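J.: Just input_33.txt, nothing more (compact mmCIF, C-alpha atoms):
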```txt
# COMPACT_ATOMS: atom_id res chain seq x y z
CA MET A 19 0.00 0.00 0.00
CA SER A 20 1.11 3.57 -0.67
CA VAL A 21 0.92 6.71 1.44
CA ASN A 22 -2.40 7.36 -0.32
CA GLY A 23 -3.80 4.10 0.98
CA THR A 24 -4.17 2.70 -2.53
CA LEU A 25 -2.35 -0.16 -4.23
CA GLU A 26 1.06 1.07 -5.37
CA ASP A 27 2.42 0.36 -8.84
CA SER A 28 5.64 -1.64 -8.51
CA ARG A 29 7.29 0.01 -11.51
CA LYS A 30 9.91 2.72 -11.24
CA VAL A 31 9.02 6.28 -12.28
CA VAL A 32 11.10 8.17 -14.83
CA TRP A 33 10.67 11.90 -14.26
CA PHE A 34 11.51 14.34 -17.06
CA ASP A 35 11.84 18.08 -16.63
CA ILE A 36 10.37 19.91 -19.63
CA ASP A 37 11.87 23.32 -20.43
CA ASN A 38 15.48 23.27 -21.67
CA THR A 39 15.47 19.50 -21.20
CA LEU A 40 12.98 18.04 -23.69
CA TYR A 41 14.02 20.75 -26.15
CA SER A 42 17.44 22.36 -26.61
CA THR A 43 18.50 25.70 -25.20
CA SER A 44 19.38 26.54 -28.81
CA THR A 45 15.69 27.39 -29.29
CA LYS A 46 16.41 30.58 -27.29
CA ILE A 47 13.15 30.15 -25.40
CA SER A 48 14.97 30.93 -22.15
CA HIS A 49 16.06 34.24 -23.69
CA ALA A 50 12.48 35.13 -24.64
CA MET A 51 11.26 34.11 -21.21
CA GLY A 52 13.94 36.19 -19.50
CA GLU A 53 12.86 39.27 -21.45
CA ARG A 54 9.22 38.81 -20.47
CA ILE A 55 9.96 38.23 -16.80
CA HIS A 56 12.21 41.31 -16.76
CA ALA A 57 9.40 43.37 -18.27
CA TYR A 58 7.05 42.05 -15.58
CA PHE A 59 9.42 43.18 -12.82
CA VAL A 60 9.66 46.62 -14.46
CA SER A 61 5.86 46.80 -14.58
CA LEU A 62 5.89 46.63 -10.77
CA GLY A 63 7.55 50.06 -10.70
CA LEU A 64 11.19 48.96 -10.59
CA ASN A 65 13.84 50.56 -12.77
CA GLU A 66 15.88 48.43 -15.16
CA ALA A 67 18.74 47.79 -12.73
CA GLU A 68 16.43 47.00 -9.81
CA ALA A 69 14.39 44.63 -11.97
CA SER A 70 17.49 42.74 -13.13
CA GLU A 71 18.87 42.44 -9.61
CA LEU A 72 15.62 41.24 -8.06
CA HIS A 73 14.88 38.84 -10.93
CA HIS A 74 18.22 37.11 -10.44
CA LYS A 75 17.94 37.20 -6.66
CA TYR A 76 14.55 35.49 -6.63
CA TYR A 77 15.58 32.90 -9.19
CA SER A 78 18.72 32.07 -7.21
CA GLN A 79 16.93 31.98 -3.86
CA TYR A 80 13.76 30.14 -4.82
CA GLY A 81 14.55 28.32 -8.07
CA LEU A 82 11.74 30.29 -9.73
CA ALA A 83 11.43 34.08 -10.03
CA LEU A 84 7.65 33.85 -9.64
CA ARG A 85 8.06 32.11 -6.28
CA GLY A 86 9.87 35.19 -4.98
CA LEU A 87 7.28 37.50 -6.48
CA THR A 88 4.45 35.70 -4.72
CA GLN A 89 6.36 35.70 -1.43
CA HIS A 90 7.25 39.38 -1.39
CA HIS A 91 4.81 41.20 -3.71
CA ASP A 92 1.07 41.40 -4.14
CA ILE A 93 0.82 39.82 -7.58
CA ASP A 94 -1.48 37.33 -9.29
CA PRO A 95 0.53 34.27 -10.44
CA LEU A 96 -1.98 33.56 -13.18
CA ASP A 97 -1.54 37.11 -14.50
CA PHE A 98 2.22 36.49 -14.54
CA ASP A 99 1.65 33.24 -16.43
CA ARG A 100 -0.55 34.92 -19.04
CA LYS A 101 1.94 37.74 -19.65
CA CYS A 102 5.14 35.66 -19.54
CA ASP A 103 4.74 31.97 -20.40
CA GLY A 104 1.49 32.61 -22.24
CA THR A 105 3.04 35.01 -24.75
CA LEU A 106 6.07 32.91 -25.66
CA PRO A 107 6.28 32.18 -29.42
CA LEU A 108 6.56 28.44 -28.80
CA GLU A 109 5.03 27.49 -32.13
CA GLU A 110 7.89 29.29 -33.90
CA CYS A 111 10.59 27.68 -31.76
CA ILE A 112 9.45 24.12 -31.03
CA LYS A 113 8.70 21.48 -33.64
CA PRO A 114 7.83 17.78 -33.30
CA ASN A 115 10.94 15.79 -32.48
CA PRO A 116 10.86 12.23 -33.92
CA SER A 117 14.03 11.21 -32.06
CA LEU A 118 12.60 12.36 -28.74
CA ARG A 119 9.37 10.53 -29.42
CA LYS A 120 11.29 7.35 -30.27
CA LEU A 121 13.21 7.68 -27.01
CA PHE A 122 9.94 7.77 -25.09
CA GLU A 123 8.47 4.93 -27.12
CA ASP A 124 11.51 2.78 -26.34
CA LEU A 125 11.12 3.13 -22.59
CA ASP A 126 9.93 -0.23 -21.30
CA ARG A 127 6.52 0.49 -19.82
CA LYS A 128 6.52 -2.91 -18.11
CA LYS A 129 9.34 -1.58 -15.95
CA VAL A 130 8.72 2.16 -15.71
CA ARG A 131 6.08 4.84 -15.70
CA VAL A 132 6.94 8.13 -17.41
CA TRP A 133 6.01 11.45 -15.82
CA ALA A 134 6.90 15.11 -16.41
CA LEU A 135 8.03 17.32 -13.54
CA THR A 136 8.11 21.06 -14.20
CA ASN A 137 8.27 24.45 -12.50
CA ALA A 138 5.89 25.82 -15.13
CA TYR A 139 2.11 26.00 -14.89
CA LYS A 140 0.10 23.24 -16.55
CA ASN A 141 -0.92 25.39 -19.54
CA HIS A 142 2.68 25.97 -20.63
CA ALA A 143 3.73 22.40 -19.86
CA ASN A 144 0.96 20.84 -21.94
CA ARG A 145 1.58 23.30 -24.76
CA VAL A 146 5.24 22.28 -25.00
CA LEU A 147 4.50 18.56 -24.77
CA LYS A 148 1.98 18.80 -27.60
CA LEU A 149 4.33 20.81 -29.81
CA LEU A 150 7.04 18.20 -29.30
CA ASN A 151 4.46 15.49 -30.08
CA VAL A 152 5.20 13.52 -26.91
CA HIS A 153 2.13 14.47 -24.89
CA ASP A 154 0.65 10.99 -25.33
CA GLN A 155 3.87 9.43 -24.05
CA ILE A 156 3.61 11.15 -20.66
CA GLU A 157 1.48 9.30 -18.11
CA GLY A 158 1.31 12.12 -15.59
CA LEU A 159 2.29 15.73 -15.06
CA VAL A 160 3.38 17.45 -11.86
CA TYR A 161 3.52 21.22 -12.23
CA CYS A 162 3.61 24.39 -10.15
CA ASP A 163 0.00 25.05 -9.28
CA TYR A 164 -0.22 28.81 -9.55
CA GLU A 165 -3.81 28.65 -8.36
CA GLN A 166 -2.60 27.71 -4.87
CA PRO A 167 -1.71 30.68 -2.62
CA ASN A 168 1.59 29.16 -1.46
CA PHE A 169 2.56 26.79 -4.24
CA THR A 170 5.89 24.96 -4.10
CA CYS A 171 8.51 24.50 -6.80
CA LYS A 172 11.77 22.69 -7.47
CA PRO A 173 14.18 22.51 -5.65
CA GLU A 174 12.02 22.65 -2.50
CA PRO A 175 11.81 19.22 -0.79
CA GLU A 176 8.06 19.60 -0.40
CA TYR A 177 7.69 19.79 -4.18
CA PHE A 178 9.44 16.46 -4.67
CA HIS A 179 7.52 14.84 -1.82
CA ASN A 180 4.27 16.06 -3.33
CA ALA A 181 5.28 14.72 -6.74
CA MET A 182 5.81 11.27 -5.25
CA LYS A 183 2.44 11.47 -3.54
CA ILE A 184 0.67 12.45 -6.77
CA ALA A 185 2.40 9.64 -8.69
CA ASN A 186 1.64 7.22 -5.84
CA VAL A 187 5.22 6.12 -5.25
CA SER A 188 6.53 5.79 -1.69
CA ASP A 189 10.10 4.62 -2.31
CA PRO A 190 12.33 7.50 -3.54
CA SER A 191 14.91 5.02 -4.86
CA LYS A 192 12.35 4.10 -7.53
CA CYS A 193 12.53 7.62 -8.97
CA LEU A 194 14.77 8.30 -11.98
CA PHE A 195 15.09 11.99 -12.79
CA VAL A 196 16.59 14.20 -15.51
CA ASP A 197 16.66 18.02 -15.36
CA ASP A 198 18.76 20.81 -16.85
CA SER A 199 19.05 22.44 -13.42
CA LYS A 200 21.95 21.14 -11.37
CA THR A 201 20.32 22.55 -8.23
CA ASN A 202 17.15 20.55 -8.85
CA VAL A 203 19.02 17.34 -9.58
CA ILE A 204 21.13 17.62 -6.43
CA ALA A 205 18.02 18.37 -4.36
CA ALA A 206 16.31 15.24 -5.65
CA ARG A 207 19.37 13.10 -5.06
CA ARG A 208 19.66 14.34 -1.47
CA LEU A 209 16.09 13.19 -0.91
CA GLY A 210 17.07 9.69 -1.99
CA TRP A 211 15.84 9.71 -5.58
CA GLY A 212 17.55 6.71 -7.10
CA ARG A 213 19.23 7.78 -10.31
CA CYS A 214 19.52 11.43 -11.21
CA VAL A 215 20.84 13.00 -14.39
CA HIS A 216 21.91 16.57 -15.09
CA PHE A 217 21.16 17.48 -18.71
CA HIS A 218 23.99 19.89 -19.51
CA GLU A 219 24.33 21.21 -23.08
CA ALA A 220 27.96 22.25 -22.85
CA GLY A 221 28.85 25.35 -24.86
CA MET A 222 25.25 26.52 -25.25
CA ASP A 223 24.05 29.97 -24.18
CA VAL A 224 21.16 30.04 -21.75
CA VAL A 225 19.38 32.69 -19.69
CA GLU A 226 18.86 31.91 -16.00
CA GLY A 227 17.34 34.40 -13.64
CA GLY A 228 17.51 37.02 -16.36
CA GLN A 229 21.26 36.62 -16.82
CA LYS A 230 22.89 35.10 -19.86
CA LYS A 231 25.60 32.51 -19.38
CA THR A 232 27.44 29.93 -21.45
CA LEU A 233 27.21 26.39 -20.11
CA SER A 234 30.66 25.15 -19.19
CA ILE A 235 32.42 22.86 -21.65
CA ASP A 236 34.72 21.53 -18.93
CA GLY A 237 32.21 19.17 -17.41
CA ASP A 238 29.89 19.75 -14.49
CA SER A 239 30.36 19.51 -10.73
CA ALA A 240 27.05 17.67 -10.32
CA ALA A 241 28.92 14.59 -11.52
CA ASP A 242 30.97 14.74 -8.34
CA MET A 243 27.94 13.72 -6.28
CA ASP A 244 27.26 10.02 -5.99
CA GLY A 245 24.27 8.90 -8.02
CA ILE A 246 24.32 11.83 -10.48
CA ALA A 247 25.35 11.52 -14.11
CA VAL A 248 25.86 14.37 -16.58
CA ILE A 249 24.74 14.10 -20.21
CA ASN A 250 24.77 16.41 -23.22
CA ASP A 251 22.10 14.56 -25.22
CA LEU A 252 19.00 12.70 -24.01
CA GLU A 253 20.00 9.76 -26.23
CA GLU A 254 22.73 9.10 -23.66
CA LEU A 255 20.01 7.89 -21.30
CA ARG A 256 19.98 4.66 -23.30
CA VAL A 257 23.56 4.08 -22.15
CA ILE A 258 23.31 5.08 -18.50
CA TRP A 259 19.82 3.62 -17.93
CA PRO A 260 19.92 0.55 -20.25
CA ASP A 261 17.67 -1.50 -17.97
CA VAL A 262 14.64 0.76 -18.50
CA PHE A 263 14.69 0.65 -22.31
CA SER A 264 13.12 -2.13 -24.33
CA SER A 265 15.33 -1.44 -27.35
```
Would you mind writing the structure in this file as structure tokens?
T.:
Amino acid sequence: MSVNGTLEDSRKVVWFDIDNTLYSTSTKISHAMGERIHAYFVSLGLNEAEASELHHKYYSQYGLALRGLTQHHDIDPLDFDRKCDGTLPLEECIKPNPSLRKLFEDLDRKKVRVWALTNAYKNHANRVLKLLNVHDQIEGLVYCDYEQPNFTCKPEPEYFHNAMKIANVSDPSKCLFVDDSKTNVIAARRLGWGRCVHFHEAGMDVVEGGQKKTLSIDGDSAADMDGIAVINDLEELRVIWPDVFSS
């Protein structure tokens, strides 16, 4: 029996982050998102410098700029979602990915369940999954519920605990997880999630917390932590997790 009091599925759960993981940072979606979030901060009456500083501060402190906004400002998270995520030109940037779909299709569903785990709201998450043409390959979605007054997000422990509860899995060692955020991957591993992977597109430019950076080509320190692997391409999952693929 699970913590929910219902019969628990014995299969492992493979958790995939969505943004900058299921699609490449080369799409520049993080750049477009950074611009919109910056504009939202400015709309609160901050000047350009103040907006940039606070954007980065909240992202660094909470793992999500919106989390800081809801903690310290009187804003409507759904209004933020409409003006930021909701206006992203995803249709111009994301196309169906046959290789990604094949990767999902090759996961052995007799051994694993496949879920998505995102800091976005459900509208954005479902939009991306449909554009990638993998929405029917995902059995469940855990997202930041902006409708809740004090929603949680990665890397907060409560978010991961809640994800396990929603997916009806009580043993963290049964969770396999891949995310482009090193902070999120380390947080999951510290909670006992079995096999964690940092998706790290070395050499690519990405915007995090409103600040542009180039992902290091010299490897990644997340690999120094036991139980964490670092990959540059999702196809590498076939090599490091061979037991969960049927082909």
J.: Step by step: start from the point (16.3, 38.8, -15.3) in the file's coordinates, keep every protein, DNA or RNA residue that has an atom no farther than 9 Å from it, count only C-alpha atoms, and write the set as a PyMOL selection string.
T.: chain A and resi 52-57+59+69-75+77+83+225-230
J.: Measuring between all atoms listed in the file, which one of A:Pro95, A:Gly245, A:Gly81, A:Gly86 shows the shortest distance to Pro167 (chain A)?
T.: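 For Pro167 (chain A), the nearest of the candidates is A:Pro95.
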J.: My list of candidates is A:Lys129, A:Lys231, A:His218, A:His49. Which is closest to Cys111 (chain A) when distances are computed with only C-alpha atoms?
T.: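 Among the listed residues, the smallest separation from Cys111 (chain A) belongs to A:His49.
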J.: Each residue of region 125-204 of chain A with at least one atom at most 10 Å from region 248-263 of chain A should appear once, together with its nearest atom pair and the corresponding distance in Å (one decimal); atoms considered: all atoms listed in the file; ordering: chain, then increasing residue number; output as a Markdown table.
T.:
```
| residue | atom | partner | partner_atom | distance |
| --- | --- | --- | --- | --- |
| A:Leu125 | CA | A:Phe263 | CA | 4.4 |
| A:Asp126 | CA | A:Phe263 | CA | 4.9 |
| A:Arg127 | CA | A:Val262 | CA | 8.2 |
| A:Lys128 | CA | A:Val262 | CA | 8.9 |
| A:Lys129 | CA | A:Val262 | CA | 6.3 |
| A:Val130 | CA | A:Val262 | CA | 6.7 |
| A:Arg131 | CA | A:Val262 | CA | 9.9 |
| A:Leu194 | CA | A:Trp259 | CA | 9.1 |
| A:Val196 | CA | A:Leu252 | CA | 9.0 |
| A:Asp197 | CA | A:Val248 | CA | 10.0 |
| A:Asp198 | CA | A:Val248 | CA | 9.6 |
| A:Lys200 | CA | A:Val248 | CA | 9.4 |
```
J.: Would you export the selected residues with C-alpha atoms as a tab-separated table (two decimals), in the coordinates of the input, please?
T.:
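Output (again31.tsv):
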```
chain	number	residue	atom	x	y	z
A	125	LEU	CA	11.12	3.13	-22.59
A	126	ASP	CA	9.93	-0.23	-21.30
A	127	ARG	CA	6.52	0.49	-19.82
A	128	LYS	CA	6.52	-2.91	-18.11
A	129	LYS	CA	9.34	-1.58	-15.95
A	130	VAL	CA	8.72	2.16	-15.71
A	131	ARG	CA	6.08	4.84	-15.70
A	194	LEU	CA	14.77	8.30	-11.98
A	196	VAL	CA	16.59	14.20	-15.51
A	197	ASP	CA	16.66	18.02	-15.36
A	198	ASP	CA	18.76	20.81	-16.85
A	200	LYS	CA	21.95	21.14	-11.37
```
J.: Taking 6 positions as the minimum chain separation for residues in the same chain, which residues sit within 12 Å of Leu106 (chain A) when counting all atoms listed in the file? Answer as a list of chain:residue names.
T.: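 My list of contacting residues is A:Thr45, A:Lys46, A:Ile47, A:Ser48, A:His49, A:Ala50, A:Met51, A:Gly52, A:Glu53, A:Arg54, A:Ile55, A:Asp99, A:Arg100, A:Ile112, A:Asn141, A:His142, A:Arg145, A:Val146.
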J.: So that I can check the surroundings of Tyr164 (chain A), please list as a ChimeraX atom specification every protein, DNA and RNA residue that reaches within 9 Å of it, counting all atoms listed in the file and ignoring chain neighbours fewer than 6 positions away.
T.: /A:94-96,99,138-140
J.: Contacts of Gly158 (chain A) at 9 Å or less, counting all atoms listed in the file, minus same-chain residues fewer than 2 places along, as a compact mmCIF listing (two decimals) with C-alpha atoms, keeping the file's coordinate frame?
T.:
```txt
# COMPACT_ATOMS: atom_id res chain seq x y z
CA ARG A 131 6.08 4.84 -15.70
CA VAL A 132 6.94 8.13 -17.41
CA TRP A 133 6.01 11.45 -15.82
CA ALA A 134 6.90 15.11 -16.41
CA LEU A 135 8.03 17.32 -13.54
CA ILE A 156 3.61 11.15 -20.66
CA VAL A 160 3.38 17.45 -11.86
CA ILE A 184 0.67 12.45 -6.77
CA ALA A 185 2.40 9.64 -8.69
```
J.: Please report the interatomic distance between CA of Arg208 (chain A) and CA of Met182 (chain A) in Å with one decimal.
T.: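 Atom-to-atom, CA of Arg208 (chain A) to CA of Met182 (chain A), that is 14.7 Å.
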J.: Please report the interatomic distance between CA of Glu157 (chain A) and CA of Leu121 (chain A) in Å with one decimal.
T.: 14.8 Å
J.: When you draw a straight line from CA of Leu147 (chain A) to CA of Gln89 (chain A), how long is it in Å?
T.: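 For CA of Leu147 (chain A) relative to CA of Gln89 (chain A), the distance reads 29.0 Å.
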J.: Please determine, counting only C-alpha atoms, which residue among A:Thr105, A:Thr39, A:Thr24, A:Thr88 has the shortest atom-to-atom distance to Val215 (chain A).
T.: A:Thr39
J.: To test the calculation: enclose all listed atoms of region 120-139 of chain A in a box whose edges run along x, y and z, add 6 Å on each side, then state centre and edge lengths in Å to one decimal, as JSON.
T.:
```
{"center_x": 7.7, "center_y": 11.5, "center_z": -21.4, "size_x": 23.1, "size_y": 40.9, "size_z": 29.8}
```
J.: Which residue is closest to Leu118 (chain A)? Choose from A:Cys162, A:Met243, A:Leu40, A:Ala205 and count only C-alpha atoms.
T.: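 Closest to Leu118 (chain A) of all the choices is A:Leu40.
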J.: Kindly indicate which residue among A:Gly221, A:Ile246, A:Asn180, A:Pro175 lies nearest to Arg207 (chain A), using only C-alpha atoms for the distances.
T.: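 For Arg207 (chain A), the nearest of the given residues is A:Ile246.
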J.: Select, from A:Lys183, A:Lys172, A:Arg29, A:Lys101, the residue with the minimum atom-to-atom distance to Tyr58 (chain A), counting all atoms listed in the file.
T.: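 Closest to Tyr58 (chain A), using all atoms listed in the file: A:Lys101.
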